[in-house]
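Okay, run-v1.txt is below, compact mmCIF, C-alpha atoms:
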# COMPACT_ATOMS: atom_id res chain seq x y z
CA MET Q 1 -18.24 -0.60 10.65
CA ARG Q 2 -18.12 1.61 7.53
CA ILE Q 3 -19.30 4.66 9.50
CA LYS Q 4 -16.57 4.04 12.09
CA ASN Q 5 -13.93 3.87 9.31
CA MET Q 6 -15.19 7.11 7.73
CA PHE Q 7 -15.20 8.84 11.13
CA LEU Q 8 -11.65 7.60 11.76
CA LEU Q 9 -10.48 8.86 8.36
CA VAL Q 10 -11.99 12.32 8.97
CA LEU Q 11 -10.40 12.42 12.43
CA LEU Q 12 -7.03 11.41 10.96
CA LEU Q 13 -7.20 14.09 8.32
CA LEU Q 14 -8.10 16.77 10.86
CA VAL Q 15 -5.24 15.77 13.15
CA ALA Q 16 -2.74 15.45 10.29
CA CYS Q 17 -3.64 18.82 8.78
CA SER Q 18 -3.44 20.69 12.06
CA PRO Q 19 -0.77 23.41 11.87
CA VAL Q 20 -0.24 23.40 15.64
CA GLU Q 21 3.06 22.01 16.89
CA GLU Q 22 3.83 21.58 20.57
CA SER Q 23 7.09 22.97 21.86
CA VAL Q 24 9.23 20.93 24.23
CA SER Q 25 10.69 22.54 27.31
CA ALA Q 26 14.46 22.26 27.71
CA LYS Q 27 14.00 21.07 31.29
CA ALA Q 28 11.23 18.50 31.50
CA PRO Q 29 9.76 17.59 34.89
CA THR Q 30 10.21 14.07 36.21
CA PRO Q 31 7.24 12.00 35.00
CA THR Q 32 4.85 10.36 37.44
CA ASN Q 33 3.99 6.66 37.09
CA GLU Q 34 0.77 7.64 35.30
CA GLN Q 35 2.71 9.86 32.87
CA ALA Q 36 5.28 7.12 32.28
CA ASP Q 37 2.48 4.65 31.49
CA ALA Q 38 0.96 7.18 29.07
CA GLU Q 39 4.36 7.61 27.36
CA ASP Q 40 4.53 3.84 26.88
CA LEU Q 41 1.29 4.07 24.88
CA GLN Q 42 2.37 6.94 22.62
CA ALA Q 43 2.53 6.45 18.87
CA LYS Q 44 6.00 5.42 17.71
CA ILE Q 45 7.31 4.82 14.21
CA LEU Q 46 10.29 2.49 14.38
CA LYS Q 47 11.08 2.15 10.67
CA VAL Q 48 9.79 3.16 7.23
CA SER Q 49 10.96 1.34 4.10
CA THR Q 50 9.86 0.41 0.59
CA ASP Q 51 10.35 -2.44 -1.84
CA LEU Q 52 12.59 -0.17 -3.96
CA PRO Q 53 16.41 -0.24 -4.04
CA TYR Q 54 18.13 2.08 -1.54
CA ASP Q 55 21.14 4.25 -2.38
CA SER Q 56 22.70 7.13 -0.40
CA ASN Q 57 19.62 8.16 1.62
CA TRP Q 58 17.26 7.79 -1.38
CA TRP Q 59 14.84 5.03 -2.38
CA VAL Q 60 15.35 4.74 -6.14
CA VAL Q 61 12.54 4.33 -8.67
CA SER Q 62 13.70 2.98 -12.04
CA ARG Q 63 11.93 4.18 -15.18
CA ASP Q 64 10.12 0.86 -15.69
CA THR Q 65 8.69 0.84 -12.14
CA ASN Q 66 5.11 2.05 -11.63
CA THR Q 67 4.22 0.73 -8.17
CA MET Q 68 5.81 0.71 -4.75
CA THR Q 69 4.88 -0.72 -1.39
CA ILE Q 70 5.68 1.36 1.67
CA HIS Q 71 6.15 -0.58 4.91
CA VAL Q 72 5.92 0.90 8.41
CA GLU Q 73 7.05 -0.71 11.63
CA ALA Q 74 5.30 1.03 14.50
CA GLU Q 75 4.04 0.64 18.04
CA ASN Q 76 0.82 1.80 19.69
CA ILE Q 77 -0.74 2.76 16.35
CA GLU Q 78 -4.38 2.83 15.34
CA SER Q 79 -3.95 4.05 11.76
CA VAL Q 80 -1.35 5.40 9.33
CA LEU Q 81 -1.55 8.14 6.67
CA PHE Q 82 0.79 8.20 3.66
CA TRP Q 83 1.62 11.47 1.88
CA VAL Q 84 3.87 12.53 -1.00
CA ALA Q 85 5.42 16.00 -0.96
CA PRO Q 86 8.04 17.68 -3.13
CA THR Q 87 11.53 18.11 -1.70
CA GLY Q 88 12.59 21.57 -0.64
CA THR Q 89 11.74 23.92 2.17
CA GLU Q 90 8.19 24.66 3.28
CA THR Q 91 6.57 22.17 0.88
CA TRP Q 92 4.22 20.53 3.41
CA GLU Q 93 1.30 22.58 2.06
CA GLU Q 94 1.88 20.97 -1.35
CA ARG Q 95 1.55 17.41 -0.06
CA GLU Q 96 -0.91 14.90 -1.50
CA LEU Q 97 -2.56 12.09 0.45
CA ILE Q 98 -1.76 8.86 -1.38
CA GLY Q 99 -3.44 6.43 1.01
CA TYR Q 100 -3.95 5.15 4.53
CA ASP Q 101 -4.01 1.91 6.50
CA ILE Q 102 -6.47 1.38 9.33
CA ASP Q 103 -5.87 -2.35 9.83
CA GLY Q 104 -2.49 -3.23 11.27
CA SER Q 105 -3.30 -6.92 11.70
CA ASP Q 106 -1.15 -7.70 8.64
CA GLY Q 107 1.39 -4.93 9.31
CA TRP Q 108 1.19 -1.28 8.33
CA SER Q 109 1.71 -0.70 4.62
CA LEU Q 110 0.48 0.88 1.43
CA SER Q 111 0.81 -0.42 -2.11
CA TRP Q 112 0.78 2.62 -4.38
CA GLU Q 113 0.37 2.48 -8.15
CA PHE Q 114 1.77 5.83 -9.30
CA GLY Q 115 2.02 5.25 -13.07
CA ASN Q 116 4.79 7.07 -14.93
CA ARG Q 117 5.34 9.75 -12.29
CA LYS Q 118 8.89 11.08 -11.91
CA PHE Q 119 10.09 11.48 -8.32
CA HIS Q 120 12.30 13.80 -6.34
CA ASP Q 121 9.99 13.75 -3.35
CA HIS Q 122 9.45 12.87 0.28
CA ILE Q 123 7.02 10.16 1.32
CA ALA Q 124 5.71 11.28 4.70
CA VAL Q 125 4.16 8.82 7.13
CA GLN Q 126 1.89 9.93 9.97
CA ALA Q 127 0.80 7.39 12.55
CA LEU Q 128 -2.12 8.14 14.87
CA GLY Q 129 -1.65 6.64 18.31
CA MET Q 130 -3.98 4.20 20.00
CA ASP Q 131 -4.34 6.76 22.79
CA GLY Q 132 -6.17 9.08 20.37
CA ARG Q 133 -3.79 11.93 21.24
CA THR Q 134 -0.35 11.23 19.89
CA LEU Q 135 0.91 11.45 16.34
CA ALA Q 136 4.26 10.13 15.09
CA ASN Q 137 5.89 11.38 11.89
CA GLU Q 138 8.63 9.98 9.69
CA SER Q 139 9.63 10.47 6.07
CA ILE Q 140 11.75 8.88 3.37
CA ASN Q 141 13.26 10.30 0.18
CA VAL Q 142 12.25 8.90 -3.22
CA HIS Q 143 13.98 9.70 -6.52
CA THR Q 144 13.49 8.53 -10.12
CA LEU Q 145 16.68 7.17 -11.60
CA GLU Q 146 17.87 9.11 -14.62
CA GLU Q 147 18.94 6.57 -17.25
As structure tokens, how would this structure be written, given the file I've shared?
Amino acid sequence: MRIKNMFLLVLLLLVACSPVEESVSAKAPTPTNEQADAEDLQAKILKVSTDLPYDSNWWVVSRDTNTMTIHVEAENIESVLFWVAPTGTETWEERELIGYDIDGSDGWSLSWEFGNRKFHDHIAVQALGMDGRTLANESINVHTLEE
């Protein structure tokens, strides 16, 4: 079981770090029944949230907070990667893997103890599909409250 988990983690990291993005044609062909079934099995992130207060598109970290739990509602997922990256343009290369979840039986989440870190960052969530081919991405904004 441990070897399977390590293999899955390596596979997740390779997929997540891939710089290749597929382009979407403006005029997509009508899907066949087989293609429609495959689309029903694609990775989907429905919602990302935390246990922090929310204000104006930002999850707010107060100065006395040193942990957060990130919750993901998703469909057709085998595992989820959690990253932190600075805000701004072209900062994906500066991201840091903060954890992963490979057991969705209790929901997809990560409890992260970050200490006294100050935030003005994105938390990026990548979900690897059960089909082994699809990857869903979503992010939230996190900011430390200036008091």
For range 130-144 of chain Q, find every residue with an atom within 10 Å (counting all atoms listed in the file), except residues of its own chain fewer than 3 positions away, and show them as a PDB file with C-alpha atoms, keeping the file's coordinate frame.
ATOM      1  CA  LEU Q  11     -10.400  12.420  12.430  1.00  0.00           C
ATOM      2  CA  LEU Q  12      -7.030  11.410  10.960  1.00  0.00           C
ATOM      3  CA  VAL Q  15      -5.240  15.770  13.150  1.00  0.00           C
ATOM      4  CA  ALA Q  16      -2.740  15.450  10.290  1.00  0.00           C
ATOM      5  CA  ALA Q  38       0.960   7.180  29.070  1.00  0.00           C
ATOM      6  CA  GLU Q  39       4.360   7.610  27.360  1.00  0.00           C
ATOM      7  CA  LEU Q  41       1.290   4.070  24.880  1.00  0.00           C
ATOM      8  CA  GLN Q  42       2.370   6.940  22.620  1.00  0.00           C
ATOM      9  CA  ALA Q  43       2.530   6.450  18.870  1.00  0.00           C
ATOM     10  CA  LYS Q  44       6.000   5.420  17.710  1.00  0.00           C
ATOM     11  CA  ILE Q  45       7.310   4.820  14.210  1.00  0.00           C
ATOM     12  CA  LEU Q  46      10.290   2.490  14.380  1.00  0.00           C
ATOM     13  CA  LYS Q  47      11.080   2.150  10.670  1.00  0.00           C
ATOM     14  CA  VAL Q  48       9.790   3.160   7.230  1.00  0.00           C
ATOM     15  CA  SER Q  49      10.960   1.340   4.100  1.00  0.00           C
ATOM     16  CA  THR Q  50       9.860   0.410   0.590  1.00  0.00           C
ATOM     17  CA  LEU Q  52      12.590  -0.170  -3.960  1.00  0.00           C
ATOM     18  CA  TYR Q  54      18.130   2.080  -1.540  1.00  0.00           C
ATOM     19  CA  ASP Q  55      21.140   4.250  -2.380  1.00  0.00           C
ATOM     20  CA  SER Q  56      22.700   7.130  -0.400  1.00  0.00           C
ATOM     21  CA  ASN Q  57      19.620   8.160   1.620  1.00  0.00           C
ATOM     22  CA  TRP Q  58      17.260   7.790  -1.380  1.00  0.00           C
ATOM     23  CA  TRP Q  59      14.840   5.030  -2.380  1.00  0.00           C
ATOM     24  CA  VAL Q  60      15.350   4.740  -6.140  1.00  0.00           C
ATOM     25  CA  VAL Q  61      12.540   4.330  -8.670  1.00  0.00           C
ATOM     26  CA  SER Q  62      13.700   2.980 -12.040  1.00  0.00           C
ATOM     27  CA  ARG Q  63      11.930   4.180 -15.180  1.00  0.00           C
ATOM     28  CA  THR Q  65       8.690   0.840 -12.140  1.00  0.00           C
ATOM     29  CA  ILE Q  70       5.680   1.360   1.670  1.00  0.00           C
ATOM     30  CA  VAL Q  72       5.920   0.900   8.410  1.00  0.00           C
ATOM     31  CA  ALA Q  74       5.300   1.030  14.500  1.00  0.00           C
ATOM     32  CA  GLU Q  75       4.040   0.640  18.040  1.00  0.00           C
ATOM     33  CA  ASN Q  76       0.820   1.800  19.690  1.00  0.00           C
ATOM     34  CA  ILE Q  77      -0.740   2.760  16.350  1.00  0.00           C
ATOM     35  CA  GLU Q  78      -4.380   2.830  15.340  1.00  0.00           C
ATOM     36  CA  SER Q  79      -3.950   4.050  11.760  1.00  0.00           C
ATOM     37  CA  VAL Q  80      -1.350   5.400   9.330  1.00  0.00           C
ATOM     38  CA  LEU Q  81      -1.550   8.140   6.670  1.00  0.00           C
ATOM     39  CA  PHE Q  82       0.790   8.200   3.660  1.00  0.00           C
ATOM     40  CA  TRP Q  83       1.620  11.470   1.880  1.00  0.00           C
ATOM     41  CA  VAL Q  84       3.870  12.530  -1.000  1.00  0.00           C
ATOM     42  CA  ALA Q  85       5.420  16.000  -0.960  1.00  0.00           C
ATOM     43  CA  PRO Q  86       8.040  17.680  -3.130  1.00  0.00           C
ATOM     44  CA  THR Q  87      11.530  18.110  -1.700  1.00  0.00           C
ATOM     45  CA  ARG Q 117       5.340   9.750 -12.290  1.00  0.00           C
ATOM     46  CA  LYS Q 118       8.890  11.080 -11.910  1.00  0.00           C
ATOM     47  CA  PHE Q 119      10.090  11.480  -8.320  1.00  0.00           C
ATOM     48  CA  HIS Q 120      12.300  13.800  -6.340  1.00  0.00           C
ATOM     49  CA  ASP Q 121       9.990  13.750  -3.350  1.00  0.00           C
ATOM     50  CA  HIS Q 122       9.450  12.870   0.280  1.00  0.00           C
ATOM     51  CA  ILE Q 123       7.020  10.160   1.320  1.00  0.00           C
ATOM     52  CA  ALA Q 124       5.710  11.280   4.700  1.00  0.00           C
ATOM     53  CA  VAL Q 125       4.160   8.820   7.130  1.00  0.00           C
ATOM     54  CA  GLN Q 126       1.890   9.930   9.970  1.00  0.00           C
ATOM     55  CA  ALA Q 127       0.800   7.390  12.550  1.00  0.00           C
ATOM     56  CA  GLU Q 147      18.940   6.570 -17.250  1.00  0.00           C
TER      57      GLU Q 147
END
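Put simply, CA of Ser109 in chain Q is 23.4 Å away from CA of Glu93 in chain Q.
When CA of Trp108 in chain Q is paired with CA of Thr67 in chain Q, their separation reads 16.9 Å.
When all atoms listed in the file are used to measure the gap to Leu128 in chain Q, the shortest distance among Q:Gly115, Q:Gly104, Q:Gly88, Q:Pro53 belongs to Q:Gly104.
The space between CA of Asp64 in chain Q and CA of Asp106 in chain Q spans 28.1 Å.
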Open item on the list: Just checking: using all atoms listed in the file, which residue out of Q:Asp40, Q:Gly129, Q:Asp51, Q:Leu97 ends up closest to Asn66 in chain Q?
Closed with: Q:Asp51
